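Comments concern the structure below.
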Amino acid sequence: MSVGLPRLREDAATVRQGAIDKGEDPTLVDEALAADTRRRELLAEGDRFKAERNQASKSIGESIRAGADANGSEIATLKAASTAAGERITAVDAELATVEARIDDLLVRIPNPADPDVPVGGEEANVTVREWGEQLPRIQPLSGSVGADAAADGGSWERLPHWEVADRLGIFDLERGAKIAGSGFPVYRGLGSTLQRSLISWFLDVHSRENGFTEIWPPAVVNAASARGTGQIPDKEDQMYVATRDDLYLVPTAEVPVTNLHRDEILDGSELPIRYAAYTPCFRREAGAAGKDTRGILRVHQFDKVEMVLFERPEASVEALEWMTGRAEDLLQRLGLAYRVLLMSTREMGFVQAKKYDLEVWAPGVERWLEVSSCSNFRDYQARRMAVRFRPEPGAKPELVHTLNGSGLALARVVAAILETYQRPDGSVEIPEVLRPYLGRDTIPVPA
RNA sequence: GGAGAGGUGGCAGAGCGGUCGAAUGCGGCGGUCUUGAAAACCGCUGAUACGCAAGUAUCCGUGGGUUCGAAUCCCACCCUCUCCGCCA
């Protein structure tokens with residue numbers, strides 16, 4: 001993943017400021033620029049020697065065809081010239097390889113500059129741009145309780161955290177998950193399993209039937225080239241499970257296989273925008289996260305997610321981010337879950353994003369906001385790395401596309417929010433209206 | 001897993017170690033003709049890097065090697081297809 005040399009040459013000031021805003025080292029920009037100057041010198045020099053060698057070889061061919069003695073002095077002179085040029089080519093190429101490796105190393109350490117409307121700063125600079133729904137309290141009166149239809153007879157009741165709700169319902173089996181795979185690999189059982197499958201189906205149905213996405217069911221593993229394409233290698237290599245023996249990586253998100261679908265392709269302008277929705281299980285090692293959110297299913301090694309992936313014309317990507325974020329919000333609204341939308345600041349949004357919104361859903365049982373979606377515009381940053389281009393008009397020069405992606409939505413935390421929002425005083429959980437056709441019922445009852 | 005065949009431009013498909021970035025056909029674009037379209041005919045039609053430009057260089061699955069010179073020869077790897085085996 002890199003800002004690319006053309007951008008650096010034309011717009012060094014912006015890239016330099018972008019690095020500062022994200023808390024990265026801006027001097028790398030100048031180092032890269034200097035290395036690039038040397039690279040171009042070497043390129044010109046090498047090309048000159050190659051032209052020399054080509055000319056000598058060509059002359060040899062012509063002379064022989066004209067009847068010259070292949071072992072004669074004329075040919076010998078040309079051979080010597082060609083060989084000499086070859087030696088210089090070898091020397092130049094060696095230095096060139098060194099310089100290019102240096103440039104690559106520098107470029108991957110220069111972040112994508114944030115869009116101008118992104119607040120500069122850290123966590124304190126994040127802006128809540130929207131809120132939706134009622135932020136339910138943990139303790140509330142029995143009468144008029146929201147999200148439950150318990151009899152109104154005074155008193156109050158206390159919402160349980162989702163793991164306790166699930167426990168009573170018998171829909172998670174975290175212990176056995178730990179036994180068969182390890183801690184952080186949850187087992188869903190009974191209606192818990194059905195709920196998972198229902199959410200996945202409903203998300204995909206809304207995206208494919210209403211939002212115009214093409215549904216994709218990709219592999220759950222990718223090769224090294226794909227992991228490199230979206231920047232998991234080298235940035236987030238520690239996050240991935242690796243099947244070393246077969247050189248395969250378990251996908252940490254559907255973004256990886258789906259964005260790589262068009263790697264090294266030149267798309268026809270008329271195909272754009274391309275909008276995909278895909279479900280995959282997501283595998284994350286979460287190294288170093290032990291002890292944090294380990295209760296329940298908030299932070300696990302395997303979870304399920306439907307991801308939206310967009311390939312857009314450059315001029316359309318800013319608007320596409322708003323649209324895509326709206327698609328994720330629509331799902332939360334129809335599930336009846338309170339949420340807020342955060343515009344992430346320069347230092348909070350990550351290295352490769354130009355602009356990012358996080359969607360956080362309210363979990364009243366634990367009284368916390370849970371991140372359930374992250375919607376980002378990468379502009380041409382990923383496209384450059386993966387060489388995804390498009391021809392604006394037939395016969396025109398290919399240009400880099402803009403890529404975006406966003407969760408729509410991540411399951412485990414949505415499930416937690418549903419269990420905490422829709423629980424009733426008797427321990428049962430009401431099923432959100434939109435999911436009832438999928439589960440074929442309107443309640444998850446407490447087992448007798 | 002075993003045996004065989006093959007990977008060349010958007011597609012199909014040629015290509016003796018030099019004159020091959022690559023014949024030919026199809027497709028696409030432009031033009032002639034036509035009221036319009038089709039047909040026919042003519043021309044154009046890959047990507048990337050460097051360069052103000054002229055232009056130069058690189059790319060025939062990938063990576064090495066031989067050679068003054070490799071799409072063409074050698075080695076390794078990857079992928080596809082066919083048959084056999086195995087299998088949800």
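Letters A, B, ... go to the chains of the structure tokens in the order shown; residues in each chain start at 1; ligands are counted from 1 in the same order.
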(message) Need to verify the contact set: range 52-63 of chain B, 9 Å, only C-alpha atoms (C1' of nucleotides), exclusion of same-chain residues closer than 4 positions in sequence. Can you return it as a ChimeraX atom specification?
(response) /A:43-44,46-48,50-51 /B:7-9,21-22,47-48,71,76-79
(request) Compute the set of chain A residues within 10 Å of chain B, using only C-alpha atoms (C1' of nucleotides), and express it as a PyMOL selection string. (result) chain A and resi 39-51+53-62+64-65+75-83+86+266+394-395+398
How about saving the chosen residues, N, CA and C atoms kept, as a tab-separated table (two decimals), in the first residue's frame?
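The resulting file, part_3.tsv, is reproduced below:
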chain	number	residue	atom	x	y	z
A	39	ARG	N	16.68	7.15	-8.78
A	39	ARG	CA	16.09	6.04	-9.53
A	39	ARG	C	15.93	6.43	-11.00
A	40	ARG	N	15.46	7.65	-11.23
A	40	ARG	CA	15.23	8.06	-12.61
A	40	ARG	C	16.53	8.25	-13.37
A	41	GLU	N	17.56	8.69	-12.66
A	41	GLU	CA	18.88	8.79	-13.31
A	41	GLU	C	19.35	7.42	-13.77
A	42	LEU	N	19.22	6.46	-12.85
A	42	LEU	CA	19.67	5.10	-13.16
A	42	LEU	C	18.87	4.49	-14.30
A	43	LEU	N	17.59	4.77	-14.29
A	43	LEU	CA	16.70	4.25	-15.33
A	43	LEU	C	17.16	4.74	-16.70
A	44	ALA	N	17.44	6.03	-16.78
A	44	ALA	CA	17.86	6.63	-18.05
A	44	ALA	C	19.19	6.04	-18.50
A	45	GLU	N	20.09	5.91	-17.53
A	45	GLU	CA	21.42	5.38	-17.82
A	45	GLU	C	21.33	3.93	-18.32
A	46	GLY	N	20.56	3.13	-17.61
A	46	GLY	CA	20.40	1.73	-17.97
A	46	GLY	C	19.78	1.58	-19.35
A	47	ASP	N	18.79	2.41	-19.62
A	47	ASP	CA	18.13	2.34	-20.94
A	47	ASP	C	19.12	2.65	-22.05
A	48	ARG	N	20.02	3.57	-21.76
A	48	ARG	CA	21.00	3.95	-22.78
A	48	ARG	C	21.91	2.76	-23.10
A	49	PHE	N	22.40	2.09	-22.06
A	49	PHE	CA	23.26	0.92	-22.27
A	49	PHE	C	22.51	-0.21	-22.97
A	50	LYS	N	21.26	-0.36	-22.61
A	50	LYS	CA	20.47	-1.42	-23.25
A	50	LYS	C	20.29	-1.13	-24.73
A	51	ALA	N	20.07	0.13	-25.05
A	51	ALA	CA	19.92	0.52	-26.45
A	51	ALA	C	21.21	0.22	-27.21
A	53	ARG	N	23.46	-2.10	-26.46
A	53	ARG	CA	23.59	-3.55	-26.64
A	53	ARG	C	22.65	-4.05	-27.75
A	54	ASN	N	21.42	-3.55	-27.71
A	54	ASN	CA	20.47	-3.96	-28.74
A	54	ASN	C	21.00	-3.62	-30.13
A	55	GLN	N	21.61	-2.44	-30.24
A	55	GLN	CA	22.13	-1.98	-31.53
A	55	GLN	C	23.26	-2.90	-32.01
A	56	ALA	N	24.15	-3.25	-31.10
A	56	ALA	CA	25.28	-4.11	-31.45
A	56	ALA	C	24.79	-5.49	-31.88
A	57	SER	N	23.85	-6.05	-31.13
A	57	SER	CA	23.31	-7.37	-31.46
A	57	SER	C	22.65	-7.35	-32.82
A	58	LYS	N	21.92	-6.27	-33.05
A	58	LYS	CA	21.20	-6.15	-34.31
A	58	LYS	C	22.21	-6.10	-35.47
A	59	SER	N	23.29	-5.35	-35.28
A	59	SER	CA	24.32	-5.25	-36.32
A	59	SER	C	24.94	-6.60	-36.61
A	60	ILE	N	25.15	-7.39	-35.56
A	60	ILE	CA	25.71	-8.73	-35.75
A	60	ILE	C	24.79	-9.55	-36.65
A	61	GLY	N	23.52	-9.49	-36.32
A	61	GLY	CA	22.54	-10.23	-37.12
A	61	GLY	C	22.56	-9.81	-38.56
A	62	GLU	N	22.59	-8.50	-38.79
A	62	GLU	CA	22.56	-7.97	-40.16
A	62	GLU	C	23.81	-8.37	-40.94
A	64	ILE	N	25.80	-10.95	-40.43
A	64	ILE	CA	25.83	-12.38	-40.72
A	64	ILE	C	24.90	-12.69	-41.89
A	65	ARG	N	23.74	-12.08	-41.89
A	65	ARG	CA	22.81	-12.31	-42.98
A	65	ARG	C	23.39	-11.80	-44.31
A	75	ILE	N	32.73	-8.96	-36.52
A	75	ILE	CA	31.77	-9.52	-35.57
A	75	ILE	C	32.34	-9.49	-34.16
A	76	ALA	N	33.63	-9.83	-34.05
A	76	ALA	CA	34.27	-9.87	-32.73
A	76	ALA	C	34.21	-8.50	-32.05
A	77	THR	N	34.43	-7.45	-32.82
A	77	THR	CA	34.37	-6.09	-32.26
A	77	THR	C	32.97	-5.79	-31.74
A	78	LEU	N	31.96	-6.16	-32.54
A	78	LEU	CA	30.58	-5.91	-32.13
A	78	LEU	C	30.24	-6.70	-30.88
A	79	LYS	N	30.70	-7.95	-30.84
A	79	LYS	CA	30.42	-8.79	-29.67
A	79	LYS	C	31.01	-8.16	-28.42
A	80	ALA	N	32.24	-7.65	-28.58
A	80	ALA	CA	32.91	-7.04	-27.43
A	80	ALA	C	32.13	-5.82	-26.95
A	81	ALA	N	31.63	-5.03	-27.90
A	81	ALA	CA	30.86	-3.83	-27.54
A	81	ALA	C	29.61	-4.22	-26.78
A	82	SER	N	28.96	-5.26	-27.29
A	82	SER	CA	27.72	-5.71	-26.67
A	82	SER	C	27.98	-6.23	-25.26
A	83	THR	N	29.04	-7.01	-25.13
A	83	THR	CA	29.38	-7.57	-23.82
A	83	THR	C	29.71	-6.47	-22.82
A	86	GLY	N	26.65	-4.91	-21.70
A	86	GLY	CA	25.99	-5.85	-20.79
A	86	GLY	C	26.51	-5.74	-19.38
A	266	ILE	N	-7.87	-4.14	-15.80
A	266	ILE	CA	-8.30	-2.85	-16.33
A	266	ILE	C	-9.78	-2.99	-16.64
A	394	PRO	N	-13.82	4.44	-24.00
A	394	PRO	CA	-13.14	3.48	-24.87
A	394	PRO	C	-11.92	4.13	-25.52
A	395	GLY	N	-10.77	3.47	-25.41
A	395	GLY	CA	-9.55	4.00	-26.02
A	395	GLY	C	-8.79	4.98	-25.16
A	398	PRO	N	-5.85	4.19	-19.08
A	398	PRO	CA	-6.42	3.65	-17.83
A	398	PRO	C	-6.09	4.55	-16.63
(message) One decimal, in Å: what's the spacing between C1' of U66 in chain B and CA of Ser73 in chain A?
(response)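 Between C1' of U66 in chain B and CA of Ser73 in chain A the gap is 23.3 Å.
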(message) I need the residues in range 219-354 of chain A that are helix (DSSP H, G or I) according to DSSP; give them as a PyMOL selection string.
(response) chain A and resi 224-229+232-235+237-239+244-246+255-262+269-271+314-335
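Rounded to one decimal, CA of Phe351 in chain A and CA of Val256 in chain A lie 16.5 Å from each other.
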